[in-house]
>>> print(open('protein-v1.cif').read())   # mmCIF, C-alpha atoms
data_protein
#
loop_
_atom_site.label_atom_id
_atom_site.label_comp_id
_atom_site.auth_asym_id
_atom_site.auth_seq_id
_atom_site.Cartn_x
_atom_site.Cartn_y
_atom_site.Cartn_z
CA MET Y 1 0.00 0.00 0.00
CA ALA Y 2 1.45 3.36 -1.02
CA ARG Y 3 2.09 5.94 1.61
CA SER Y 4 -0.55 8.68 1.75
CA VAL Y 5 0.44 12.29 1.23
CA THR Y 6 -2.11 13.23 3.89
CA PRO Y 7 -0.25 14.31 7.04
CA LYS Y 8 -0.07 11.50 9.59
CA ASP Y 9 -0.31 12.48 13.23
CA GLY Y 10 2.95 11.39 14.82
CA TYR Y 11 2.36 12.29 18.46
CA ALA Y 12 1.89 8.63 19.51
CA ILE Y 13 5.10 7.28 17.96
CA MET Y 14 7.05 10.37 19.07
CA THR Y 15 5.81 9.74 22.62
CA SER Y 16 6.75 6.06 22.44
CA LEU Y 17 10.23 6.76 21.03
CA VAL Y 18 10.97 9.52 23.53
CA ARG Y 19 9.86 7.34 26.44
CA GLN Y 20 12.02 4.45 25.23
CA ALA Y 21 14.95 6.77 24.61
CA THR Y 22 14.68 8.35 28.06
CA GLY Y 23 14.28 5.06 29.92
CA GLN Y 24 10.67 5.70 30.91
CA LYS Y 25 9.52 2.67 28.91
CA ASN Y 26 11.21 -0.64 28.15
CA ILE Y 27 12.13 -1.52 24.59
CA THR Y 28 9.25 -2.76 22.46
CA VAL Y 29 8.71 -3.52 18.80
CA THR Y 30 7.84 -0.13 17.34
CA ASP Y 31 5.92 0.02 14.08
CA MET Y 32 7.55 2.76 12.02
CA SER Y 33 6.16 1.65 8.68
CA GLY Y 34 3.67 4.51 8.49
CA TYR Y 35 6.11 7.22 9.52
CA ASN Y 36 9.15 6.79 7.33
CA SER Y 37 9.42 7.34 2.95
CA ALA Y 38 9.35 5.56 14.94
CA MET Y 39 9.70 15.18 42.12
CA GLU Y 40 8.09 16.04 45.30
CA THR Y 41 4.38 15.37 45.48
CA VAL Y 42 2.74 17.00 48.49
CA LEU Y 43 3.78 19.19 51.40
CA SER Y 44 1.63 19.96 54.44
CA THR Y 45 1.05 23.56 53.38
CA GLY Y 46 -0.88 22.37 50.31
CA LYS Y 47 -0.63 23.37 46.65
CA GLU Y 48 -1.83 26.18 44.49
CA ASN Y 49 -4.95 25.15 42.62
CA VAL Y 50 -3.97 25.81 39.02
CA LEU Y 51 -1.21 23.27 38.36
CA ASN Y 52 -1.82 21.43 41.64
CA ALA Y 53 1.92 20.84 41.75
CA LEU Y 54 3.44 23.88 43.50
CA THR Y 55 3.41 24.52 47.22
CA ILE Y 56 1.94 27.85 48.28
CA LEU Y 57 4.84 28.94 50.47
CA ILE Y 58 8.36 27.70 51.05
CA GLY Y 59 11.57 29.29 52.29
CA ARG Y 60 13.63 29.03 49.12
CA THR Y 61 12.99 27.77 45.60
CA LEU Y 62 15.55 25.98 43.42
CA VAL Y 63 14.51 25.49 39.81
CA ALA Y 64 15.93 22.25 38.39
CA ALA Y 65 16.19 22.78 34.64
CA ARG Y 66 19.11 22.70 32.25
CA THR Y 67 19.24 22.82 28.47
CA TYR Y 68 19.47 19.47 26.67
CA THR Y 69 21.40 19.16 23.40
CA GLY Y 70 19.89 16.59 21.06
CA LYS Y 71 21.88 13.69 19.58
CA LEU Y 72 22.04 12.24 16.04
CA ALA Y 73 22.89 15.60 14.52
CA LEU Y 74 24.84 14.06 11.60
CA MET Y 75 21.66 13.23 9.72
CA ASN Y 76 21.17 15.02 6.42
CA ALA Y 77 18.42 17.65 6.51
CA ILE Y 78 16.47 19.15 3.63
CA ASN Y 79 13.56 21.56 3.51
CA THR Y 80 10.68 21.20 1.06
CA GLY Y 81 8.35 23.61 2.85
CA THR Y 82 4.58 23.31 3.13
CA PHE Y 83 3.63 23.73 -0.55
CA THR Y 84 4.59 20.15 -1.32
CA ASN Y 85 5.42 17.08 0.72
CA ARG Y 86 6.83 15.09 -2.18
CA ILE Y 87 10.45 14.78 -3.22
CA ARG Y 88 11.36 13.54 -6.69
CA LYS Y 89 14.82 12.02 -6.98
CA ILE Y 90 16.17 11.20 -10.43
CA SER Y 91 19.01 8.70 -10.90
CA PHE Y 92 20.45 7.22 -14.08
CA TYR Y 93 21.10 3.64 -15.11
CA SER Y 94 24.62 2.70 -16.11
CA LYS Y 95 25.04 1.90 -19.80
CA ASP Y 96 27.71 -0.27 -21.41
CA PRO Y 97 30.10 0.82 -24.18
CA VAL Y 98 29.31 -0.14 -27.77
CA ALA Y 99 31.38 -1.60 -30.56
CA SER Y 100 33.88 0.77 -32.16
CA GLY Y 101 33.28 1.99 -35.71
CA TRP Y 102 36.55 3.93 -35.93
CA PHE Y 103 38.65 0.95 -36.99
CA ASN Y 104 38.32 -2.38 -38.70
CA THR Y 105 38.19 -4.83 -35.81
CA ASP Y 106 37.82 -8.54 -35.17
CA LEU Y 107 34.06 -7.95 -34.93
CA PHE Y 108 33.24 -5.51 -37.73
CA THR Y 109 34.61 -4.21 -41.05
CA ASN Y 110 33.82 -0.52 -40.91
CA LEU Y 111 36.23 0.85 -43.48
CA ALA Y 112 35.99 -0.69 -46.96
CA ASP Y 113 35.45 0.37 -50.55
CA GLY Y 114 31.77 0.88 -51.23
CA PHE Y 115 30.69 0.56 -47.57
CA THR Y 116 28.25 3.19 -46.30
CA ALA Y 117 27.75 4.63 -42.84
CA GLY Y 118 25.25 1.85 -42.08
CA GLN Y 119 25.52 -1.80 -41.11
CA ASN Y 120 26.33 -3.06 -44.63
CA GLU Y 121 24.42 -6.29 -44.22
CA SER Y 122 25.40 -9.41 -46.10
CA GLY Y 123 22.83 -12.17 -46.08
CA GLY Y 124 21.04 -10.41 -43.21
CA THR Y 125 24.18 -10.27 -41.05
CA PRO Y 126 25.62 -6.81 -40.19
CA GLN Y 127 29.23 -6.42 -41.31
CA SER Y 128 29.63 -2.91 -39.86
CA THR Y 129 28.46 -0.98 -36.84
CA LYS Y 130 25.36 1.18 -37.06
CA SER Y 131 25.52 4.77 -38.32
CA GLN Y 132 26.34 7.82 -36.25
CA TRP Y 133 22.62 8.50 -35.97
CA GLU Y 134 21.99 5.50 -33.73
CA GLN Y 135 20.15 6.86 -30.68
CA SER Y 136 21.45 6.20 -27.16
CA PRO Y 137 19.43 8.28 -24.68
CA SER Y 138 20.05 8.22 -20.94
CA MET Y 139 17.85 5.88 -18.91
CA PRO Y 140 16.55 7.78 -15.87
CA LEU Y 141 14.95 6.34 -12.76
CA GLU Y 142 12.52 8.52 -10.85
CA ALA Y 143 11.92 7.78 -7.16
CA VAL Y 144 9.32 9.62 -5.08
CA PHE Y 145 9.48 10.19 -1.34
CA GLN Y 146 6.23 11.51 0.01
CA GLY Y 147 4.24 11.95 3.18
CA SER Y 148 4.22 14.03 6.30
CA VAL Y 149 4.33 13.36 10.05
CA THR Y 150 2.95 16.10 12.29
CA TRP Y 151 2.68 16.76 16.01
CA GLN Y 152 2.36 19.72 18.37
CA HIS Y 153 3.88 20.92 21.64
CA PRO Y 154 1.58 23.23 23.66
CA ILE Y 155 2.34 25.11 26.87
CA THR Y 156 0.05 27.34 28.95
CA ILE Y 157 1.19 30.61 30.53
CA TYR Y 158 -0.89 32.18 33.34
CA GLU Y 159 -1.01 35.93 33.90
CA ASN Y 160 -0.60 36.09 37.71
CA GLN Y 161 -2.16 32.95 39.21
CA TRP Y 162 1.30 31.58 40.08
CA ASP Y 163 2.30 34.61 42.13
CA VAL Y 164 1.10 33.15 45.43
CA ALA Y 165 3.59 30.30 45.14
CA PHE Y 166 6.64 32.61 45.14
CA ARG Y 167 8.20 35.26 47.34
CA ASP Y 168 8.98 37.85 44.68
CA PRO Y 169 8.99 38.50 40.91
CA ALA Y 170 12.59 37.31 40.58
CA GLU Y 171 11.72 33.90 41.99
CA LEU Y 172 8.67 33.69 39.73
CA ALA Y 173 10.85 34.62 36.73
CA ALA Y 174 13.27 31.83 37.63
CA PHE Y 175 10.37 29.39 37.72
CA VAL Y 176 9.03 30.51 34.35
CA SER Y 177 12.51 30.38 32.85
CA GLY Y 178 13.03 26.84 34.12
CA MET Y 179 9.62 25.82 32.84
CA MET Y 180 10.44 27.10 29.37
CA VAL Y 181 13.85 25.38 29.39
CA GLU Y 182 12.21 22.03 30.11
CA HIS Y 183 9.54 22.73 27.50
CA GLU Y 184 12.31 23.31 24.96
CA ASN Y 185 14.01 20.09 26.16
CA ASP Y 186 10.79 18.17 25.44
CA ILE Y 187 10.80 19.63 21.94
CA THR Y 188 14.49 18.73 21.50
CA SER Y 189 13.81 15.16 22.64
CA ALA Y 190 11.03 14.87 20.06
CA ARG Y 191 13.35 16.17 17.33
CA GLU Y 192 15.97 13.63 18.40
CA ALA Y 193 13.36 10.85 18.50
CA PHE Y 194 12.37 11.66 14.93
CA ASN Y 195 15.99 11.37 13.79
CA ARG Y 196 16.33 8.18 15.83
CA MET Y 197 13.27 6.76 14.07
CA THR Y 198 14.92 7.46 10.71
CA LEU Y 199 18.13 5.76 11.87
CA LEU Y 200 16.21 2.71 13.15
CA CYS Y 201 14.30 2.49 9.87
CA LYS Y 202 17.58 2.51 7.96
CA ILE Y 203 18.95 -0.26 10.17
CA GLY Y 204 15.91 -2.44 9.57
CA GLN Y 205 15.72 -1.70 5.86
CA THR Y 206 19.43 -2.34 5.26
CA TYR Y 207 19.09 -5.76 6.85
CA LEU Y 208 15.89 -6.50 4.96
CA TYR Y 209 17.36 -5.66 1.55
CA ASP Y 210 20.19 -8.10 2.32
CA LYS Y 211 18.40 -11.00 4.01
CA GLY Y 212 14.77 -10.66 2.94
CA ALA Y 213 13.14 -12.79 0.28
CA GLY Y 214 14.02 -11.70 -3.24
CA TRP Y 215 17.01 -9.55 -2.24
CA THR Y 216 20.64 -10.53 -2.77
CA LYS Y 217 22.70 -7.51 -1.71
CA GLU Y 218 25.54 -7.91 0.82
CA GLN Y 219 24.57 -5.07 3.13
CA ALA Y 220 24.15 -6.74 6.54
CA ILE Y 221 27.32 -8.12 8.13
CA ASN Y 222 27.01 -10.46 11.10
CA LEU Y 223 30.38 -9.80 12.71
CA THR Y 224 30.12 -12.94 14.86
CA THR Y 225 29.73 -15.12 11.78
CA ALA Y 226 32.36 -13.17 9.85
CA TYR Y 227 34.92 -13.53 12.67
CA ASN Y 228 34.33 -17.26 13.13
CA THR Y 229 34.49 -17.85 9.37
CA PHE Y 230 37.76 -15.93 9.03
CA PHE Y 231 39.52 -17.56 12.00
CA GLY Y 232 37.87 -20.98 11.81
CA THR Y 233 36.49 -20.65 15.35
CA ASN Y 234 33.07 -21.15 16.93
CA TYR Y 235 32.87 -18.38 19.56
CA THR Y 236 29.62 -16.86 20.71
CA SER Y 237 28.91 -13.14 20.48
CA ALA Y 238 29.23 -12.84 24.25
CA GLN Y 239 32.68 -14.49 24.18
CA LEU Y 240 33.86 -12.13 21.46
CA ARG Y 241 32.78 -9.12 23.53
CA SER Y 242 34.61 -10.38 26.63
CA THR Y 243 37.25 -13.12 26.52
CA TYR Y 244 38.33 -12.43 22.94
CA LEU Y 245 37.57 -8.70 22.94
CA LYS Y 246 40.98 -7.55 21.71
CA SER Y 247 41.04 -9.88 18.74
CA PHE Y 248 37.41 -9.18 17.88
CA LEU Y 249 37.78 -5.40 17.96
CA GLU Y 250 40.83 -5.55 15.71
CA PHE Y 251 38.86 -7.69 13.25
CA MET Y 252 35.78 -5.49 13.52
CA THR Y 253 37.74 -2.28 12.90
CA ALA Y 254 39.47 -3.77 9.86
CA THR Y 255 36.11 -4.99 8.51
CA ILE Y 256 34.48 -1.56 8.84
CA LYS Y 257 37.46 0.05 7.10
CA GLU Y 258 37.23 -2.46 4.27
CA TYR Y 259 33.57 -1.73 3.66
CA SER Y 260 34.23 1.99 3.93
CA ASP Y 261 36.78 1.57 1.13
CA HIS Y 262 34.33 -0.55 -0.89
CA LEU Y 263 31.72 2.22 -0.78
CA THR Y 264 34.10 4.58 -2.60
CA GLU Y 265 34.04 2.23 -5.62
CA ARG Y 266 31.30 2.73 -8.22
CA SER Y 267 29.33 -0.49 -8.20
CA ALA Y 268 25.93 -2.18 -7.85
CA ASN Y 269 26.84 -3.43 -4.37
CA SER Y 270 25.65 -2.24 -0.95
CA HIS Y 271 22.47 -0.66 -2.26
CA LEU Y 272 19.32 -1.51 -4.21
CA PRO Y 273 20.46 -1.23 -7.89
CA MET Y 274 16.91 -1.31 -9.33
CA THR Y 275 18.10 -3.65 -12.09
CA LYS Y 276 15.83 -3.84 -15.14
CA THR Y 277 16.01 -5.60 -18.49
CA VAL Y 278 15.71 -3.71 -21.79
CA ASN Y 279 16.01 -5.58 -25.10
CA GLY Y 280 17.57 -8.54 -23.29
CA VAL Y 281 20.22 -6.41 -21.51
CA ASN Y 282 20.26 -5.84 -17.72
CA TYR Y 283 20.84 -2.28 -16.53
CA SER Y 284 21.53 -1.17 -12.93
CA ILE Y 285 21.90 2.00 -10.91
CA LEU Y 286 25.55 2.29 -9.85
CA ARG Y 287 26.59 4.26 -6.76
CA HIS Y 288 29.79 5.33 -5.07
CA THR Y 289 30.18 7.14 -1.75
CA PRO Y 290 33.35 9.21 -1.19
CA LYS Y 291 34.71 9.26 2.35
CA ASP Y 292 33.41 12.77 3.00
CA ARG Y 293 29.88 11.62 2.08
CA GLN Y 294 29.92 8.64 4.41
CA ARG Y 295 28.24 8.66 7.82
CA LEU Y 296 29.24 6.15 10.49
CA TYR Y 297 27.13 5.46 13.59
CA LEU Y 298 28.72 3.12 16.15
CA TYR Y 299 27.51 1.68 19.45
CA GLN Y 300 29.60 3.73 21.88
CA PRO Y 301 29.51 1.45 24.99
CA LEU Y 302 31.38 -1.27 23.07
CA PHE Y 303 34.30 1.12 22.60
CA ARG Y 304 34.11 2.64 26.07
CA LYS Y 305 34.89 -0.76 27.58
CA ALA Y 306 37.77 -1.20 25.17
CA GLU Y 307 39.43 2.20 25.66
CA SER Y 308 41.31 1.20 28.81
CA LEU Y 309 41.65 -2.48 27.95
CA VAL Y 310 42.94 -3.00 24.42
CA MET Y 311 44.54 -0.78 21.82
CA PRO Y 312 42.56 2.40 22.55
CA GLU Y 313 44.23 4.21 19.67
CA ILE Y 314 42.24 2.31 17.04
CA PHE Y 315 38.80 3.11 18.41
CA ASN Y 316 38.43 6.62 17.13
CA PRO Y 317 37.18 8.19 13.91
CA GLN Y 318 40.71 9.10 12.80
CA TYR Y 319 41.82 5.47 12.71
CA LEU Y 320 38.59 4.48 11.01
CA ASP Y 321 39.14 7.25 8.44
CA GLN Y 322 35.72 8.62 9.30
CA ASN Y 323 35.47 12.35 9.89
CA ASN Y 324 31.67 12.11 9.96
CA TYR Y 325 31.33 9.76 12.89
CA GLU Y 326 28.88 9.69 15.79
CA GLY Y 327 28.88 7.40 18.79
CA VAL Y 328 25.43 6.16 19.79
CA ASP Y 329 24.90 5.41 23.49
CA PHE Y 330 21.79 3.36 22.71
CA TRP Y 331 19.85 2.57 19.57
CA GLN Y 332 16.22 2.53 20.64
CA SER Y 333 15.67 2.24 24.40
CA ASN Y 334 17.55 3.65 27.37
CA ALA Y 335 15.49 1.66 29.89
CA SER Y 336 18.37 -0.61 31.00
CA GLU Y 337 21.91 -1.66 30.11
CA ALA Y 338 20.61 -4.91 28.60
CA VAL Y 339 18.42 -3.24 25.97
CA ARG Y 340 20.77 -0.42 24.88
CA PRO Y 341 22.28 -2.41 21.95
CA GLN Y 342 18.92 -3.87 20.89
CA VAL Y 343 16.62 -2.83 18.06
CA LYS Y 344 13.00 -3.98 17.72
CA VAL Y 345 11.17 -2.47 14.77
CA ARG Y 346 8.74 -2.92 11.92
CA VAL Y 347 9.88 -0.87 8.94
CA PRO Y 348 8.67 0.11 5.46
CA PHE Y 349 10.46 -1.25 2.42
CA TYR Y 350 10.26 -0.91 -1.36
CA ASN Y 351 8.27 -3.63 -3.13
CA LYS Y 352 9.90 -4.29 -6.48
CA ALA Y 353 6.77 -5.92 -7.91
CA THR Y 354 4.33 -3.10 -7.17
CA GLY Y 355 6.66 -0.10 -7.01
CA GLU Y 356 5.09 0.88 -3.68
CA GLN Y 357 6.28 0.66 -0.11
CA GLU Y 358 5.06 -2.06 2.23
CA SER Y 359 5.59 -2.97 5.87
CA SER Y 360 7.97 -5.67 7.06
CA GLY Y 361 7.27 -8.10 9.84
CA ASP Y 362 8.66 -7.58 13.33
CA MET Y 363 12.47 -7.46 13.32
CA GLU Y 364 14.53 -7.88 16.50
CA PHE Y 365 18.30 -7.40 16.78
CA ASP Y 366 20.09 -8.39 19.98
CA TYR Y 367 23.25 -6.37 19.36
CA VAL Y 368 23.72 -3.71 16.69
CA VAL Y 369 27.33 -2.57 16.36
CA GLY Y 370 27.01 0.16 13.76
CA LEU Y 371 25.66 1.53 10.52
CA LEU Y 372 27.74 2.95 7.65
CA THR Y 373 25.65 4.90 5.16
CA ASP Y 374 25.71 7.47 2.39
CA VAL Y 375 24.61 10.90 3.61
CA ASP Y 376 21.86 10.91 0.97
CA GLY Y 377 20.55 7.54 2.07
CA MET Y 378 19.01 8.84 5.29
CA MET Y 379 17.40 12.27 5.52
CA THR Y 380 14.99 14.36 7.54
CA ASP Y 381 12.72 16.59 5.48
CA PHE Y 382 11.67 19.71 7.40
CA GLN Y 383 8.33 20.89 6.03
CA LEU Y 384 6.97 23.07 8.83
CA GLU Y 385 8.12 24.32 12.22
CA THR Y 386 6.11 27.23 13.51
CA SER Y 387 5.12 28.76 16.85
CA LEU Y 388 1.93 30.73 17.50
CA THR Y 389 0.60 32.30 20.70
CA THR Y 390 -3.07 32.85 21.54
CA PRO Y 391 -4.42 36.08 23.04
CA VAL Y 392 -5.06 36.12 26.78
CA GLU Y 393 -8.27 34.33 27.70
CA ALA Y 394 -10.12 37.29 29.26
CA ARG Y 395 -12.18 35.38 31.80
CA LYS Y 396 -9.51 32.94 33.09
CA GLY Y 397 -6.32 34.88 32.42
CA TYR Y 398 -4.06 32.51 30.50
CA ARG Y 399 -2.55 32.15 27.05
CA ASN Y 400 -1.33 29.11 25.09
CA VAL Y 401 1.80 28.78 22.99
CA TRP Y 402 1.56 26.14 20.25
CA LEU Y 403 4.62 24.78 18.42
CA THR Y 404 3.68 22.74 15.33
CA PHE Y 405 5.94 20.30 13.46
CA ALA Y 406 5.55 18.66 10.06
CA LYS Y 407 8.40 16.45 8.83
CA ASN Y 408 9.11 13.46 6.66
CA SER Y 409 11.52 10.65 7.48
CA ILE Y 410 13.32 9.46 4.34
CA CYS Y 411 15.43 6.35 3.74
CA ASP Y 412 16.60 5.86 0.15
CA PRO Y 413 17.47 2.19 -0.56
CA THR Y 414 19.28 3.13 -3.79
CA GLU Y 415 22.05 4.77 -1.75
CA ASN Y 416 24.85 2.76 -0.13
CA SER Y 417 24.55 1.44 3.41
CA VAL Y 418 26.10 -1.39 5.43
CA LEU Y 419 24.83 -2.71 8.78
CA PHE Y 420 27.17 -4.34 11.31
CA TYR Y 421 25.59 -6.50 14.00
CA MET Y 422 26.29 -9.52 16.22
CA ASP Y 423 23.98 -12.49 16.48
CA ASP Y 424 24.49 -16.19 17.19
CA SER Y 425 21.44 -16.92 15.09
CA ASP Y 426 20.34 -14.66 12.27
CA VAL Y 427 17.43 -12.26 12.52
CA THR Y 428 14.16 -13.15 10.80
CA PRO Y 429 12.89 -10.26 8.63
#
>>> encode(input="protein-v1.cif", output="structure tokens")
Amino acid sequence: MARSVTPKDGYAIMTSLVRQATGQKNITVTDMSGYNSAMETVLSTGKENVLNALTILIGRTLVAARTYTGKLALMNAINTGTFTNRIRKISFYSKDPVASGWFNTDLFTNLADGFTAGQNESGGTPQSTKSQWEQSPSMPLEAVFQGSVTWQHPITIYENQWDVAFRDPAELAAFVSGMMVEHENDITSAREAFNRMTLLCKIGQTYLYDKGAGWTKEQAINLTTAYNTFFGTNYTSAQLRSTYLKSFLEFMTATIKEYSDHLTERSANSHLPMTKTVNGVNYSILRHTPKDRQRLYLYQPLFRKAESLVMPEIFNPQYLDQNNYEGVDFWQSNASEAVRPQVKVRVPFYNKATGEQESSGDMEFDYVVGLLTDVDGMMTDFQLETSLTTPVEARKGYRNVWLTFAKNSICDPTENSVLFYMDDSDVTP
């Protein structure tokens, strides 16, 4: 089923992702398929009766609020505005060279007395190449990314009903300032959750295009299997992250560097090449990703444990030749140490038969190590971000501030990406 261009209300998935990311909710399979193209209670003096959360009088007030800086800032951002929520991306199929007409060759006689600029057939068999007027137009591929996810952040400001809870205007101002800081932090967390949803979608899709039925691309690398195959061993993932950590991290770093080098080569590997057949010839979309266009996301706790144990000099972006690198403290949920490396999602993917996107089944990864991707393969489309304030409600004396978002989460399977994970038994897409 194609994704609708009608804006989809994203408050529920944003709430779920933020709560998982902030440890308020344990990790759960999160269906992102429709969203991507996701302290004190009472004191004896009582409370004021507007928020029912502030005591009426207290000796001193400390406002606990500090600005939060969102993560996952490496993600590519574009801005289509509100006049359209569709993006058209045009790529071109690679075409092969043709036979030379400049010389007489082992295949064709092009230069001979009486020969014309045509094929000079003899008994129905061409003796020469075609004329200079043979047409060879480019073969474009048009991909469309459409849709919109919207949500709002409201906050209410009272004219003077809070005054009774504070000793003076300065203390009230500190309260209001802290309130607005935390309101902005909520907004920042939602922005981060949206980027995290895009990253999780890319993780699931990259695996699916490798392991799912009908796909043959080598884009998902099980580092446990790769290590055991290379060394002829049979270690578990847990053993590699503990007893054999030094050897595993050396192998893992070399493997990531190798795939980073591979992405710089123009090829049909590590992405969906959209191969099609024309007149009996197969044509594919070829991609290459220079180092400065690569983005590397790595599970940071794996390297934190290694920094003081084994060869700390190799676990940095300089050694990995990645200037655009970001460590990820957790992928989906921050509820506990056990779930930080896990991913549990249902993602959209491109159906080659229908040309539309469909939803995968539930996908669960026990330990995701990292994702290497082209900057154009994962994007956030900013369509609307606006703030409006109501007039004061004359009878009750308050005003509302409404911040409205409209965005689109985009993962392009025709751009290069490689997933690195660890699993003793493979994931079922």
>>> closest_residue(input="protein-v1.cif", among="Y:Thr354, Y:Thr389, Y:Thr224, Y:Gln205", to="Phe251 of chain Y", atoms="only C-alpha atoms")
Y:Thr224
>>> residues_around(input="protein-v1.cif", residues="Glu358 of chain Y", least_positions_apart="4", cutoff="7 Å", atoms="all atoms listed in the file", output="PyMOL selection string")
chain Y and resi 1+348-351
>>> resolve_selection(input="protein-v1.cif", expression="the PyMOL selection byres ((chain Y and resi 95) around 10)", output="PyMOL selection string")
chain Y and resi 92-94+96-98+136-139+281-286
>>> resolve_selection(input="protein-v1.cif", expression="the PyMOL selection byres ((chain Y and resi 371) around 12)", output="PyMOL selection string")
chain Y and resi 199-207+219-221+256+259-260+294-299+325-328+331+368-370+372-375+377-378+416-421
>>> atom_distance(input="protein-v1.cif", atom1="atom CA of Ala193 of chain Y", atom2="atom CA of Phe175 of chain Y")
26.9 Å
>>> closest_residue(input="protein-v1.cif", among="Y:Asn120, Y:Thr236, Y:Ser148, Y:Gln357", to="Asn408 of chain Y", atoms="only C-alpha atoms")
Y:Ser148
>>> resolve_selection(input="protein-v1.cif", expression="the PyMOL selection byres ((chain Y and resi 110) around 9)", output="PyMOL selection string")
chain Y and resi 100-105+108-109+111-112+115-120+127-129
>>> atom_distance(input="protein-v1.cif", atom1="atom CA of Asn160 of chain Y", atom2="atom CA of Leu388 of chain Y")
21.1 Å
>>> atom_distance(input="protein-v1.cif", atom1="atom CA of Ala226 of chain Y", atom2="atom CA of Glu258 of chain Y")
13.0 Å
>>> closest_residue(input="protein-v1.cif", among="Y:Met274, Y:Ile27, Y:Ile187, Y:Leu263", to="Pro290 of chain Y", atoms="only C-alpha atoms")
Y:Leu263
>>> closest_residue(input="protein-v1.cif", among="Y:Phe303, Y:Trp151, Y:Glu364, Y:Tyr158", to="Arg395 of chain Y", atoms="all atoms listed in the file")
Y:Tyr158
>>> closest_residue(input="protein-v1.cif", among="Y:Ser122, Y:Gly361, Y:Thr289, Y:Ser270", to="Lys344 of chain Y", atoms="only C-alpha atoms")
Y:Gly361
>>> closest_residue(input="protein-v1.cif", among="Y:His183, Y:Gly280, Y:Val29, Y:Gln132", to="Trp402 of chain Y", atoms="only C-alpha atoms")
Y:His183
